[in-house]
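**Student:** Dropping in input.txt, with compact mmCIF, all heavy atoms.
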# COMPACT_ATOMS: atom_id res chain seq x y z
N MET C 1134 -85.55 58.22 171.56
CA MET C 1134 -85.37 57.31 170.45
C MET C 1134 -84.44 56.16 170.82
O MET C 1134 -84.67 55.03 170.43
CB MET C 1134 -84.83 58.10 169.25
CG MET C 1134 -84.60 57.26 168.03
SD MET C 1134 -86.17 56.61 167.45
CE MET C 1134 -85.68 55.86 165.96
N GLN C 1135 -83.40 56.46 171.60
CA GLN C 1135 -82.45 55.41 171.97
C GLN C 1135 -83.14 54.30 172.77
O GLN C 1135 -82.89 53.12 172.55
CB GLN C 1135 -81.30 55.99 172.76
CG GLN C 1135 -80.22 54.96 173.09
CD GLN C 1135 -79.05 55.58 173.81
OE1 GLN C 1135 -79.04 56.75 174.10
NE2 GLN C 1135 -78.06 54.77 174.09
N GLU C 1136 -84.05 54.68 173.69
CA GLU C 1136 -84.77 53.67 174.47
C GLU C 1136 -85.65 52.80 173.58
O GLU C 1136 -85.76 51.61 173.81
CB GLU C 1136 -85.62 54.32 175.55
CG GLU C 1136 -84.83 54.68 176.78
CD GLU C 1136 -85.73 55.04 177.95
OE1 GLU C 1136 -86.88 54.56 177.99
OE2 GLU C 1136 -85.27 55.79 178.81
N VAL C 1137 -86.24 53.39 172.56
CA VAL C 1137 -87.07 52.62 171.64
C VAL C 1137 -86.22 51.59 170.93
O VAL C 1137 -86.59 50.42 170.85
CB VAL C 1137 -87.77 53.55 170.62
CG1 VAL C 1137 -88.44 52.73 169.53
CG2 VAL C 1137 -88.77 54.45 171.32
N CYS C 1138 -85.05 51.98 170.45
CA CYS C 1138 -84.16 51.05 169.75
C CYS C 1138 -83.68 49.95 170.68
O CYS C 1138 -83.61 48.79 170.31
CB CYS C 1138 -82.97 51.79 169.15
SG CYS C 1138 -83.43 52.88 167.80
N GLN C 1139 -83.33 50.31 171.91
CA GLN C 1139 -82.87 49.31 172.87
C GLN C 1139 -84.00 48.34 173.21
O GLN C 1139 -83.76 47.14 173.34
CB GLN C 1139 -82.34 49.98 174.14
CG GLN C 1139 -81.02 50.67 173.92
CD GLN C 1139 -80.59 51.49 175.13
OE1 GLN C 1139 -81.40 51.84 175.97
NE2 GLN C 1139 -79.31 51.79 175.18
N GLY C 1140 -85.19 48.85 173.36
CA GLY C 1140 -86.33 47.97 173.64
C GLY C 1140 -86.56 46.97 172.53
O GLY C 1140 -86.84 45.80 172.77
N ARG C 1141 -86.42 47.40 171.31
CA ARG C 1141 -86.57 46.48 170.18
C ARG C 1141 -85.47 45.43 170.21
O ARG C 1141 -85.72 44.26 170.02
CB ARG C 1141 -86.52 47.25 168.87
CG ARG C 1141 -87.75 48.07 168.62
CD ARG C 1141 -87.67 48.81 167.31
NE ARG C 1141 -88.82 49.67 167.15
CZ ARG C 1141 -88.83 50.76 166.45
NH1 ARG C 1141 -87.74 51.16 165.82
NH2 ARG C 1141 -89.91 51.49 166.35
N GLY C 1142 -84.25 45.89 170.47
CA GLY C 1142 -83.14 44.94 170.51
C GLY C 1142 -83.22 44.01 171.69
O GLY C 1142 -82.78 42.88 171.62
N ALA C 1143 -83.80 44.47 172.78
CA ALA C 1143 -83.89 43.66 173.99
C ALA C 1143 -84.95 42.58 173.90
O ALA C 1143 -85.05 41.76 174.78
CB ALA C 1143 -84.16 44.56 175.19
N GLY C 1144 -85.73 42.55 172.89
CA GLY C 1144 -86.72 41.49 172.77
C GLY C 1144 -87.90 41.79 171.90
O GLY C 1144 -88.62 40.89 171.50
N GLY C 1145 -88.12 43.06 171.61
CA GLY C 1145 -89.28 43.41 170.80
C GLY C 1145 -89.28 42.77 169.43
O GLY C 1145 -90.30 42.21 168.99
N ASN C 1146 -88.15 42.82 168.75
CA ASN C 1146 -88.07 42.21 167.42
C ASN C 1146 -88.24 40.70 167.50
O ASN C 1146 -88.91 40.09 166.67
CB ASN C 1146 -86.74 42.56 166.73
CG ASN C 1146 -86.71 44.00 166.29
OD1 ASN C 1146 -87.73 44.64 166.10
ND2 ASN C 1146 -85.51 44.53 166.11
N THR C 1147 -87.63 40.08 168.49
CA THR C 1147 -87.76 38.63 168.67
C THR C 1147 -89.20 38.26 168.97
O THR C 1147 -89.72 37.28 168.43
CB THR C 1147 -86.83 38.15 169.80
OG1 THR C 1147 -85.50 38.55 169.50
CG2 THR C 1147 -86.90 36.65 169.97
N ALA C 1148 -89.84 39.04 169.83
CA ALA C 1148 -91.24 38.77 170.16
C ALA C 1148 -92.12 38.83 168.92
O ALA C 1148 -93.00 38.00 168.72
CB ALA C 1148 -91.72 39.76 171.21
N ARG C 1149 -91.89 39.82 168.08
CA ARG C 1149 -92.67 39.94 166.85
C ARG C 1149 -92.39 38.76 165.91
O ARG C 1149 -93.29 38.24 165.28
CB ARG C 1149 -92.37 41.26 166.17
CG ARG C 1149 -93.03 42.44 166.84
CD ARG C 1149 -92.69 43.76 166.14
NE ARG C 1149 -93.04 44.90 166.96
CZ ARG C 1149 -92.37 45.33 168.02
NH1 ARG C 1149 -91.28 44.71 168.41
NH2 ARG C 1149 -92.77 46.37 168.71
N LEU C 1150 -91.14 38.36 165.83
CA LEU C 1150 -90.76 37.25 164.96
C LEU C 1150 -91.52 35.98 165.33
O LEU C 1150 -92.00 35.26 164.46
CB LEU C 1150 -89.25 37.00 165.05
CG LEU C 1150 -88.72 35.78 164.31
CD1 LEU C 1150 -88.80 36.01 162.81
CD2 LEU C 1150 -87.30 35.47 164.72
N TYR C 1151 -91.64 35.72 166.64
CA TYR C 1151 -92.31 34.51 167.09
C TYR C 1151 -93.80 34.70 167.35
O TYR C 1151 -94.48 33.78 167.79
CB TYR C 1151 -91.62 33.98 168.35
CG TYR C 1151 -90.27 33.38 168.02
CD1 TYR C 1151 -89.11 34.08 168.29
CD2 TYR C 1151 -90.17 32.13 167.42
CE1 TYR C 1151 -87.86 33.54 167.97
CE2 TYR C 1151 -88.95 31.59 167.10
CZ TYR C 1151 -87.79 32.30 167.38
OH TYR C 1151 -86.58 31.77 167.06
N GLY C 1152 -94.31 35.91 167.09
CA GLY C 1152 -95.73 36.15 167.20
C GLY C 1152 -96.26 36.28 168.62
O GLY C 1152 -97.42 35.99 168.87
N PHE C 1153 -95.41 36.71 169.56
CA PHE C 1153 -95.87 36.90 170.93
C PHE C 1153 -96.80 38.10 171.01
O PHE C 1153 -96.64 39.07 170.28
CB PHE C 1153 -94.69 37.14 171.88
CG PHE C 1153 -93.75 35.96 172.00
CD1 PHE C 1153 -92.43 36.18 172.31
CD2 PHE C 1153 -94.18 34.66 171.84
CE1 PHE C 1153 -91.54 35.12 172.43
CE2 PHE C 1153 -93.30 33.59 171.97
CZ PHE C 1153 -91.99 33.82 172.27
N ASP C 1154 -97.75 38.05 171.89
CA ASP C 1154 -98.70 39.13 172.12
C ASP C 1154 -98.06 40.17 173.03
O ASP C 1154 -98.06 40.03 174.25
CB ASP C 1154 -99.99 38.57 172.73
CG ASP C 1154 -101.07 39.61 172.91
OD1 ASP C 1154 -100.76 40.83 172.88
OD2 ASP C 1154 -102.23 39.21 173.08
N LEU C 1155 -97.47 41.21 172.46
CA LEU C 1155 -96.75 42.20 173.23
C LEU C 1155 -97.65 43.00 174.17
O LEU C 1155 -97.23 43.37 175.25
CB LEU C 1155 -95.99 43.15 172.30
CG LEU C 1155 -94.85 42.49 171.52
CD1 LEU C 1155 -94.20 43.50 170.59
CD2 LEU C 1155 -93.84 41.88 172.45
N ASP C 1156 -98.90 43.22 173.78
CA ASP C 1156 -99.83 43.93 174.67
C ASP C 1156 -100.09 43.11 175.94
O ASP C 1156 -100.24 43.66 177.02
CB ASP C 1156 -101.15 44.23 173.96
CG ASP C 1156 -100.99 45.28 172.88
OD1 ASP C 1156 -100.09 46.13 173.01
OD2 ASP C 1156 -101.77 45.25 171.91
N LEU C 1157 -100.11 41.79 175.81
CA LEU C 1157 -100.31 40.92 176.96
C LEU C 1157 -99.04 40.83 177.81
O LEU C 1157 -99.10 40.81 179.04
CB LEU C 1157 -100.70 39.52 176.48
CG LEU C 1157 -100.90 38.45 177.54
CD1 LEU C 1157 -102.16 38.74 178.34
CD2 LEU C 1157 -100.97 37.09 176.91
N LEU C 1158 -97.88 40.82 177.16
CA LEU C 1158 -96.62 40.62 177.87
C LEU C 1158 -96.03 41.90 178.48
O LEU C 1158 -95.26 41.82 179.44
CB LEU C 1158 -95.58 40.00 176.92
CG LEU C 1158 -95.92 38.59 176.44
CD1 LEU C 1158 -94.90 38.14 175.38
CD2 LEU C 1158 -95.96 37.62 177.60
N ASP C 1159 -96.39 43.06 177.95
CA ASP C 1159 -95.82 44.32 178.45
C ASP C 1159 -95.99 44.53 179.96
O ASP C 1159 -95.03 44.87 180.65
CB ASP C 1159 -96.37 45.52 177.69
CG ASP C 1159 -95.60 45.79 176.40
OD1 ASP C 1159 -94.49 45.26 176.25
OD2 ASP C 1159 -96.13 46.55 175.57
N PRO C 1160 -97.20 44.32 180.52
CA PRO C 1160 -97.34 44.53 181.97
C PRO C 1160 -96.49 43.54 182.79
O PRO C 1160 -95.97 43.89 183.84
CB PRO C 1160 -98.82 44.31 182.24
CG PRO C 1160 -99.50 44.30 180.92
CD PRO C 1160 -98.47 44.03 179.89
N ILE C 1161 -96.32 42.34 182.29
CA ILE C 1161 -95.50 41.35 182.99
C ILE C 1161 -94.03 41.77 182.93
O ILE C 1161 -93.32 41.74 183.94
CB ILE C 1161 -95.69 39.95 182.36
CG1 ILE C 1161 -97.15 39.51 182.51
CG2 ILE C 1161 -94.73 38.94 182.99
CD1 ILE C 1161 -97.53 38.32 181.66
N ALA C 1162 -93.58 42.20 181.76
CA ALA C 1162 -92.20 42.64 181.61
C ALA C 1162 -91.91 43.85 182.49
O ALA C 1162 -90.82 43.97 183.04
CB ALA C 1162 -91.92 42.97 180.15
N ALA C 1163 -92.88 44.73 182.65
CA ALA C 1163 -92.69 45.91 183.50
C ALA C 1163 -92.48 45.52 184.95
O ALA C 1163 -91.76 46.19 185.69
CB ALA C 1163 -93.89 46.84 183.37
N LYS C 1164 -93.08 44.40 185.37
CA LYS C 1164 -92.93 43.94 186.76
C LYS C 1164 -91.62 43.19 186.99
O LYS C 1164 -90.99 43.35 188.01
CB LYS C 1164 -94.09 43.02 187.14
CG LYS C 1164 -95.39 43.71 187.34
CD LYS C 1164 -96.46 42.72 187.73
CE LYS C 1164 -97.81 43.40 187.85
NZ LYS C 1164 -98.88 42.44 188.18
N VAL C 1165 -91.23 42.34 186.04
CA VAL C 1165 -90.09 41.45 186.28
C VAL C 1165 -88.80 41.94 185.63
O VAL C 1165 -87.73 41.41 185.92
CB VAL C 1165 -90.39 40.00 185.83
CG1 VAL C 1165 -91.55 39.44 186.62
CG2 VAL C 1165 -90.65 39.91 184.35
N GLY C 1166 -88.89 42.92 184.72
CA GLY C 1166 -87.70 43.52 184.11
C GLY C 1166 -86.96 42.58 183.19
O GLY C 1166 -87.46 41.55 182.81
N PRO C 1167 -85.80 42.93 182.79
CA PRO C 1167 -85.04 44.11 183.23
C PRO C 1167 -85.55 45.38 182.55
O PRO C 1167 -86.13 45.33 181.47
CB PRO C 1167 -83.61 43.81 182.78
CG PRO C 1167 -83.78 42.97 181.57
CD PRO C 1167 -85.02 42.14 181.82
N ALA C 1168 -85.29 46.51 183.18
CA ALA C 1168 -85.65 47.80 182.60
C ALA C 1168 -84.64 48.17 181.53
O ALA C 1168 -83.50 47.70 181.54
CB ALA C 1168 -85.65 48.87 183.70
N VAL C 1169 -85.06 48.99 180.59
CA VAL C 1169 -84.17 49.42 179.51
C VAL C 1169 -82.90 50.04 180.09
O VAL C 1169 -81.80 49.79 179.62
CB VAL C 1169 -84.88 50.40 178.56
CG1 VAL C 1169 -83.92 51.00 177.55
CG2 VAL C 1169 -86.03 49.69 177.84
N ALA C 1170 -83.04 50.82 181.17
CA ALA C 1170 -81.87 51.46 181.79
C ALA C 1170 -80.87 50.43 182.30
O ALA C 1170 -79.66 50.67 182.27
CB ALA C 1170 -82.32 52.36 182.92
N GLU C 1171 -81.36 49.28 182.75
CA GLU C 1171 -80.45 48.23 183.23
C GLU C 1171 -79.66 47.59 182.09
O GLU C 1171 -78.58 47.06 182.30
CB GLU C 1171 -81.24 47.15 183.96
CG GLU C 1171 -81.85 47.61 185.26
CD GLU C 1171 -82.73 46.56 185.90
OE1 GLU C 1171 -83.81 46.27 185.34
OE2 GLU C 1171 -82.33 46.04 186.95
N LEU C 1172 -80.21 47.64 180.89
CA LEU C 1172 -79.54 47.05 179.74
C LEU C 1172 -78.65 48.05 179.01
O LEU C 1172 -77.88 47.66 178.14
CB LEU C 1172 -80.58 46.49 178.75
CG LEU C 1172 -81.50 45.41 179.30
CD1 LEU C 1172 -82.57 45.07 178.29
CD2 LEU C 1172 -80.71 44.18 179.70
N ALA C 1173 -78.76 49.31 179.36
CA ALA C 1173 -78.07 50.37 178.62
C ALA C 1173 -76.57 50.40 178.87
O ALA C 1173 -75.83 50.90 178.04
CB ALA C 1173 -78.68 51.73 178.98
N GLY C 1174 -76.11 49.86 179.98
CA GLY C 1174 -74.69 49.91 180.29
C GLY C 1174 -74.12 48.53 180.51
O GLY C 1174 -74.83 47.54 180.51
N PRO C 1175 -72.81 48.46 180.70
CA PRO C 1175 -72.17 47.17 180.91
C PRO C 1175 -72.49 46.62 182.31
O PRO C 1175 -72.85 47.37 183.22
CB PRO C 1175 -70.68 47.49 180.79
CG PRO C 1175 -70.58 48.92 181.15
CD PRO C 1175 -71.86 49.56 180.68
N LEU C 1176 -72.34 45.33 182.46
CA LEU C 1176 -72.52 44.70 183.77
C LEU C 1176 -71.38 45.13 184.69
O LEU C 1176 -70.22 45.18 184.28
CB LEU C 1176 -72.47 43.18 183.65
CG LEU C 1176 -73.64 42.50 182.96
CD1 LEU C 1176 -73.34 41.01 182.79
CD2 LEU C 1176 -74.91 42.67 183.76
N ALA C 1177 -71.71 45.43 185.94
CA ALA C 1177 -70.68 45.76 186.92
C ALA C 1177 -69.92 44.49 187.30
O ALA C 1177 -68.70 44.49 187.43
CB ALA C 1177 -71.30 46.41 188.15
N THR C 1178 -70.65 43.40 187.46
CA THR C 1178 -70.06 42.09 187.76
C THR C 1178 -70.90 41.03 187.08
O THR C 1178 -72.07 41.25 186.77
CB THR C 1178 -70.04 41.80 189.28
OG1 THR C 1178 -71.38 41.80 189.76
CG2 THR C 1178 -69.22 42.82 190.04
N SER C 1179 -70.31 39.88 186.86
CA SER C 1179 -71.08 38.77 186.30
C SER C 1179 -71.41 37.80 187.43
O SER C 1179 -70.79 37.82 188.49
CB SER C 1179 -70.29 38.06 185.20
OG SER C 1179 -69.07 37.56 185.71
N ALA C 1180 -72.37 36.96 187.19
CA ALA C 1180 -72.77 35.97 188.19
C ALA C 1180 -71.61 35.02 188.46
O ALA C 1180 -70.88 34.64 187.54
CB ALA C 1180 -73.98 35.20 187.70
N ALA C 1181 -71.44 34.64 189.72
CA ALA C 1181 -70.33 33.77 190.10
C ALA C 1181 -70.38 32.43 189.38
O ALA C 1181 -69.35 31.83 189.08
CB ALA C 1181 -70.34 33.56 191.61
N ASP C 1182 -71.59 31.97 189.05
CA ASP C 1182 -71.73 30.67 188.39
C ASP C 1182 -71.96 30.77 186.88
O ASP C 1182 -72.38 29.82 186.24
CB ASP C 1182 -72.85 29.86 189.05
CG ASP C 1182 -74.21 30.57 188.99
OD1 ASP C 1182 -74.25 31.77 188.66
OD2 ASP C 1182 -75.22 29.92 189.28
N ALA C 1183 -71.64 31.93 186.30
CA ALA C 1183 -71.80 32.11 184.85
C ALA C 1183 -70.88 31.15 184.11
O ALA C 1183 -69.71 30.99 184.45
CB ALA C 1183 -71.49 33.55 184.47
N THR C 1184 -71.41 30.49 183.09
CA THR C 1184 -70.62 29.51 182.34
C THR C 1184 -70.32 29.94 180.91
O THR C 1184 -69.60 29.26 180.20
CB THR C 1184 -71.35 28.15 182.30
OG1 THR C 1184 -72.64 28.33 181.71
CG2 THR C 1184 -71.50 27.58 183.71
N SER C 1185 -70.87 31.07 180.48
CA SER C 1185 -70.63 31.54 179.12
C SER C 1185 -69.19 31.98 178.96
O SER C 1185 -68.63 32.66 179.82
CB SER C 1185 -71.54 32.72 178.80
OG SER C 1185 -71.17 33.31 177.58
N PRO C 1186 -68.54 31.63 177.85
CA PRO C 1186 -67.18 32.09 177.60
C PRO C 1186 -67.07 33.62 177.58
O PRO C 1186 -66.00 34.16 177.82
CB PRO C 1186 -66.83 31.51 176.23
CG PRO C 1186 -67.79 30.39 176.02
CD PRO C 1186 -69.02 30.73 176.80
N ALA C 1187 -68.17 34.29 177.33
CA ALA C 1187 -68.15 35.76 177.30
C ALA C 1187 -67.79 36.34 178.66
O ALA C 1187 -67.30 37.45 178.75
CB ALA C 1187 -69.50 36.30 176.86
N PHE C 1188 -68.02 35.56 179.73
CA PHE C 1188 -67.73 36.03 181.08
C PHE C 1188 -66.40 35.52 181.62
O PHE C 1188 -66.04 35.80 182.75
CB PHE C 1188 -68.86 35.64 182.04
CG PHE C 1188 -70.17 36.30 181.69
CD1 PHE C 1188 -71.24 35.55 181.25
CD2 PHE C 1188 -70.33 37.67 181.81
CE1 PHE C 1188 -72.45 36.16 180.93
CE2 PHE C 1188 -71.53 38.29 181.50
CZ PHE C 1188 -72.59 37.52 181.06
N ALA C 1189 -65.68 34.76 180.82
CA ALA C 1189 -64.39 34.23 181.28
C ALA C 1189 -63.39 35.37 181.45
O ALA C 1189 -63.38 36.33 180.67
CB ALA C 1189 -63.86 33.21 180.27
N LYS C 1190 -62.56 35.25 182.47
CA LYS C 1190 -61.57 36.29 182.74
C LYS C 1190 -60.66 36.48 181.52
O LYS C 1190 -60.12 35.51 180.98
CB LYS C 1190 -60.73 35.90 183.96
CG LYS C 1190 -59.80 36.98 184.41
CD LYS C 1190 -59.11 36.63 185.70
CE LYS C 1190 -58.23 37.80 186.09
NZ LYS C 1190 -57.87 37.76 187.49
N GLY C 1191 -60.54 37.72 181.08
CA GLY C 1191 -59.70 38.04 179.93
C GLY C 1191 -60.32 37.70 178.58
O GLY C 1191 -59.68 37.80 177.55
N ALA C 1192 -61.59 37.32 178.59
CA ALA C 1192 -62.25 36.94 177.34
C ALA C 1192 -62.60 38.17 176.51
O ALA C 1192 -62.78 39.25 177.02
CB ALA C 1192 -63.53 36.16 177.64
N SER C 1193 -62.64 37.97 175.23
CA SER C 1193 -63.16 38.99 174.33
C SER C 1193 -64.22 38.34 173.48
O SER C 1193 -64.19 37.14 173.23
CB SER C 1193 -62.05 39.58 173.45
OG SER C 1193 -61.50 38.57 172.63
N LEU C 1194 -65.16 39.12 173.06
CA LEU C 1194 -66.30 38.59 172.31
C LEU C 1194 -66.31 39.24 170.94
O LEU C 1194 -66.35 40.44 170.82
CB LEU C 1194 -67.60 38.89 173.06
CG LEU C 1194 -68.88 38.33 172.50
CD1 LEU C 1194 -68.83 36.80 172.49
CD2 LEU C 1194 -70.07 38.80 173.31
N ARG C 1195 -66.23 38.40 169.91
CA ARG C 1195 -66.30 38.92 168.54
C ARG C 1195 -67.72 38.77 168.04
O ARG C 1195 -68.34 37.73 168.19
CB ARG C 1195 -65.38 38.11 167.63
CG ARG C 1195 -64.05 38.66 167.49
CD ARG C 1195 -63.22 38.03 166.42
NE ARG C 1195 -63.78 36.79 165.91
CZ ARG C 1195 -63.18 36.05 165.01
NH1 ARG C 1195 -62.03 36.40 164.51
NH2 ARG C 1195 -63.72 34.93 164.56
N VAL C 1196 -68.21 39.82 167.42
CA VAL C 1196 -69.55 39.78 166.81
C VAL C 1196 -69.39 40.09 165.35
O VAL C 1196 -68.77 41.07 164.97
CB VAL C 1196 -70.49 40.83 167.48
CG1 VAL C 1196 -71.84 40.81 166.82
CG2 VAL C 1196 -70.58 40.57 168.97
N GLY C 1197 -69.96 39.23 164.54
CA GLY C 1197 -69.90 39.52 163.10
C GLY C 1197 -69.53 38.40 162.33
O GLY C 1197 -69.27 37.61 161.76
Represent the structure of the file as structure tokens.
**Tutor:**
Amino acid sequence: MQEVCQGRGAGGNTARLYGFDLDLLDPIAAKVGPAVAELAGPLATSAADATSPAFAKGASLRVG
């Protein structure tokens, strides 16, 4: 069940909102990822050229 919820959060709900053909996109997503397992945990490191404030040293991210 957890994987189903993560899959929806990872793009399934957005795809439905915009009317994407999930049956057409599923095989492509399976090839290029990311896999649900890759999204299940925190990043070990961020990209060296990341510009989002979420990746700034000592940053905290508020949601809500």
**Student:** Mind giving me the straight-line distance from atom NE of Arg1149 of chain C to atom CA of Gly1166 of chain C in Å, one decimal?
**Tutor:**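 Rounded to one decimal, the two atoms are 18.0 Å apart.
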**Student:** Skipping near chain neighbours, those fewer than 2 positions away, what residues fall within 12 Å of segment 1174-1178 of chain C using only C-alpha atoms, listed as a short mmCIF file (atom, residue, chain, number, x, y, z; two decimals) with all heavy atoms, keeping the file's coordinate frame?
**Tutor:**
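Listed below is the output, result-v1.cif:
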data_model
loop_
_atom_site.label_atom_id
_atom_site.label_comp_id
_atom_site.auth_asym_id
_atom_site.auth_seq_id
_atom_site.Cartn_x
_atom_site.Cartn_y
_atom_site.Cartn_z
N GLN C 1139 -83.33 50.31 171.91
CA GLN C 1139 -82.87 49.31 172.87
C GLN C 1139 -84.00 48.34 173.21
O GLN C 1139 -83.76 47.14 173.34
CB GLN C 1139 -82.34 49.98 174.14
CG GLN C 1139 -81.02 50.67 173.92
CD GLN C 1139 -80.59 51.49 175.13
OE1 GLN C 1139 -81.40 51.84 175.97
NE2 GLN C 1139 -79.31 51.79 175.18
N ALA C 1168 -85.29 46.51 183.18
CA ALA C 1168 -85.65 47.80 182.60
C ALA C 1168 -84.64 48.17 181.53
O ALA C 1168 -83.50 47.70 181.54
CB ALA C 1168 -85.65 48.87 183.70
N VAL C 1169 -85.06 48.99 180.59
CA VAL C 1169 -84.17 49.42 179.51
C VAL C 1169 -82.90 50.04 180.09
O VAL C 1169 -81.80 49.79 179.62
CB VAL C 1169 -84.88 50.40 178.56
CG1 VAL C 1169 -83.92 51.00 177.55
CG2 VAL C 1169 -86.03 49.69 177.84
N ALA C 1170 -83.04 50.82 181.17
CA ALA C 1170 -81.87 51.46 181.79
C ALA C 1170 -80.87 50.43 182.30
O ALA C 1170 -79.66 50.67 182.27
CB ALA C 1170 -82.32 52.36 182.92
N GLU C 1171 -81.36 49.28 182.75
CA GLU C 1171 -80.45 48.23 183.23
C GLU C 1171 -79.66 47.59 182.09
O GLU C 1171 -78.58 47.06 182.30
CB GLU C 1171 -81.24 47.15 183.96
CG GLU C 1171 -81.85 47.61 185.26
CD GLU C 1171 -82.73 46.56 185.90
OE1 GLU C 1171 -83.81 46.27 185.34
OE2 GLU C 1171 -82.33 46.04 186.95
N LEU C 1172 -80.21 47.64 180.89
CA LEU C 1172 -79.54 47.05 179.74
C LEU C 1172 -78.65 48.05 179.01
O LEU C 1172 -77.88 47.66 178.14
CB LEU C 1172 -80.58 46.49 178.75
CG LEU C 1172 -81.50 45.41 179.30
CD1 LEU C 1172 -82.57 45.07 178.29
CD2 LEU C 1172 -80.71 44.18 179.70
N ALA C 1180 -72.37 36.96 187.19
CA ALA C 1180 -72.77 35.97 188.19
C ALA C 1180 -71.61 35.02 188.46
O ALA C 1180 -70.88 34.64 187.54
CB ALA C 1180 -73.98 35.20 187.70
N ALA C 1181 -71.44 34.64 189.72
CA ALA C 1181 -70.33 33.77 190.10
C ALA C 1181 -70.38 32.43 189.38
O ALA C 1181 -69.35 31.83 189.08
CB ALA C 1181 -70.34 33.56 191.61
N ASP C 1182 -71.59 31.97 189.05
CA ASP C 1182 -71.73 30.67 188.39
C ASP C 1182 -71.96 30.77 186.88
O ASP C 1182 -72.38 29.82 186.24
CB ASP C 1182 -72.85 29.86 189.05
CG ASP C 1182 -74.21 30.57 188.99
OD1 ASP C 1182 -74.25 31.77 188.66
OD2 ASP C 1182 -75.22 29.92 189.28
N ALA C 1183 -71.64 31.93 186.30
CA ALA C 1183 -71.80 32.11 184.85
C ALA C 1183 -70.88 31.15 184.11
O ALA C 1183 -69.71 30.99 184.45
CB ALA C 1183 -71.49 33.55 184.47
N ALA C 1187 -68.17 34.29 177.33
CA ALA C 1187 -68.15 35.76 177.30
C ALA C 1187 -67.79 36.34 178.66
O ALA C 1187 -67.30 37.45 178.75
CB ALA C 1187 -69.50 36.30 176.86
N PHE C 1188 -68.02 35.56 179.73
CA PHE C 1188 -67.73 36.03 181.08
C PHE C 1188 -66.40 35.52 181.62
O PHE C 1188 -66.04 35.80 182.75
CB PHE C 1188 -68.86 35.64 182.04
CG PHE C 1188 -70.17 36.30 181.69
CD1 PHE C 1188 -71.24 35.55 181.25
CD2 PHE C 1188 -70.33 37.67 181.81
CE1 PHE C 1188 -72.45 36.16 180.93
CE2 PHE C 1188 -71.53 38.29 181.50
CZ PHE C 1188 -72.59 37.52 181.06
N ALA C 1189 -65.68 34.76 180.82
CA ALA C 1189 -64.39 34.23 181.28
C ALA C 1189 -63.39 35.37 181.45
O ALA C 1189 -63.38 36.33 180.67
CB ALA C 1189 -63.86 33.21 180.27
N LYS C 1190 -62.56 35.25 182.47
CA LYS C 1190 -61.57 36.29 182.74
C LYS C 1190 -60.66 36.48 181.52
O LYS C 1190 -60.12 35.51 180.98
CB LYS C 1190 -60.73 35.90 183.96
CG LYS C 1190 -59.80 36.98 184.41
CD LYS C 1190 -59.11 36.63 185.70
CE LYS C 1190 -58.23 37.80 186.09
NZ LYS C 1190 -57.87 37.76 187.49
#
**Student:** Calculate, to one decimal in Å, the centre and edge lengths of the box along x, y and z of the file that holds all listed atoms of segment 1179-1188 of chain C with 4 Å of margin on each side, and present them as lines of an AutoDock Vina configuration file.
**Tutor:**
center_x = -70.6
center_y = 33.7
center_z = 183.8
size_x = 17.2
size_y = 20.3
size_z = 23.6
**Student:** Separation of atom C of Gly1144 of chain C and atom CD1 of Leu1158 of chain C, in Å?
**Tutor:**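 We find that atom C of Gly1144 of chain C and atom CD1 of Leu1158 of chain C lie 8.6 Å from each other.
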**Student:** How many Å lie between atom CA of Gly1145 of chain C and atom CB of Ala1162 of chain C, rounded to one decimal?
**Tutor:** 9.7 Å
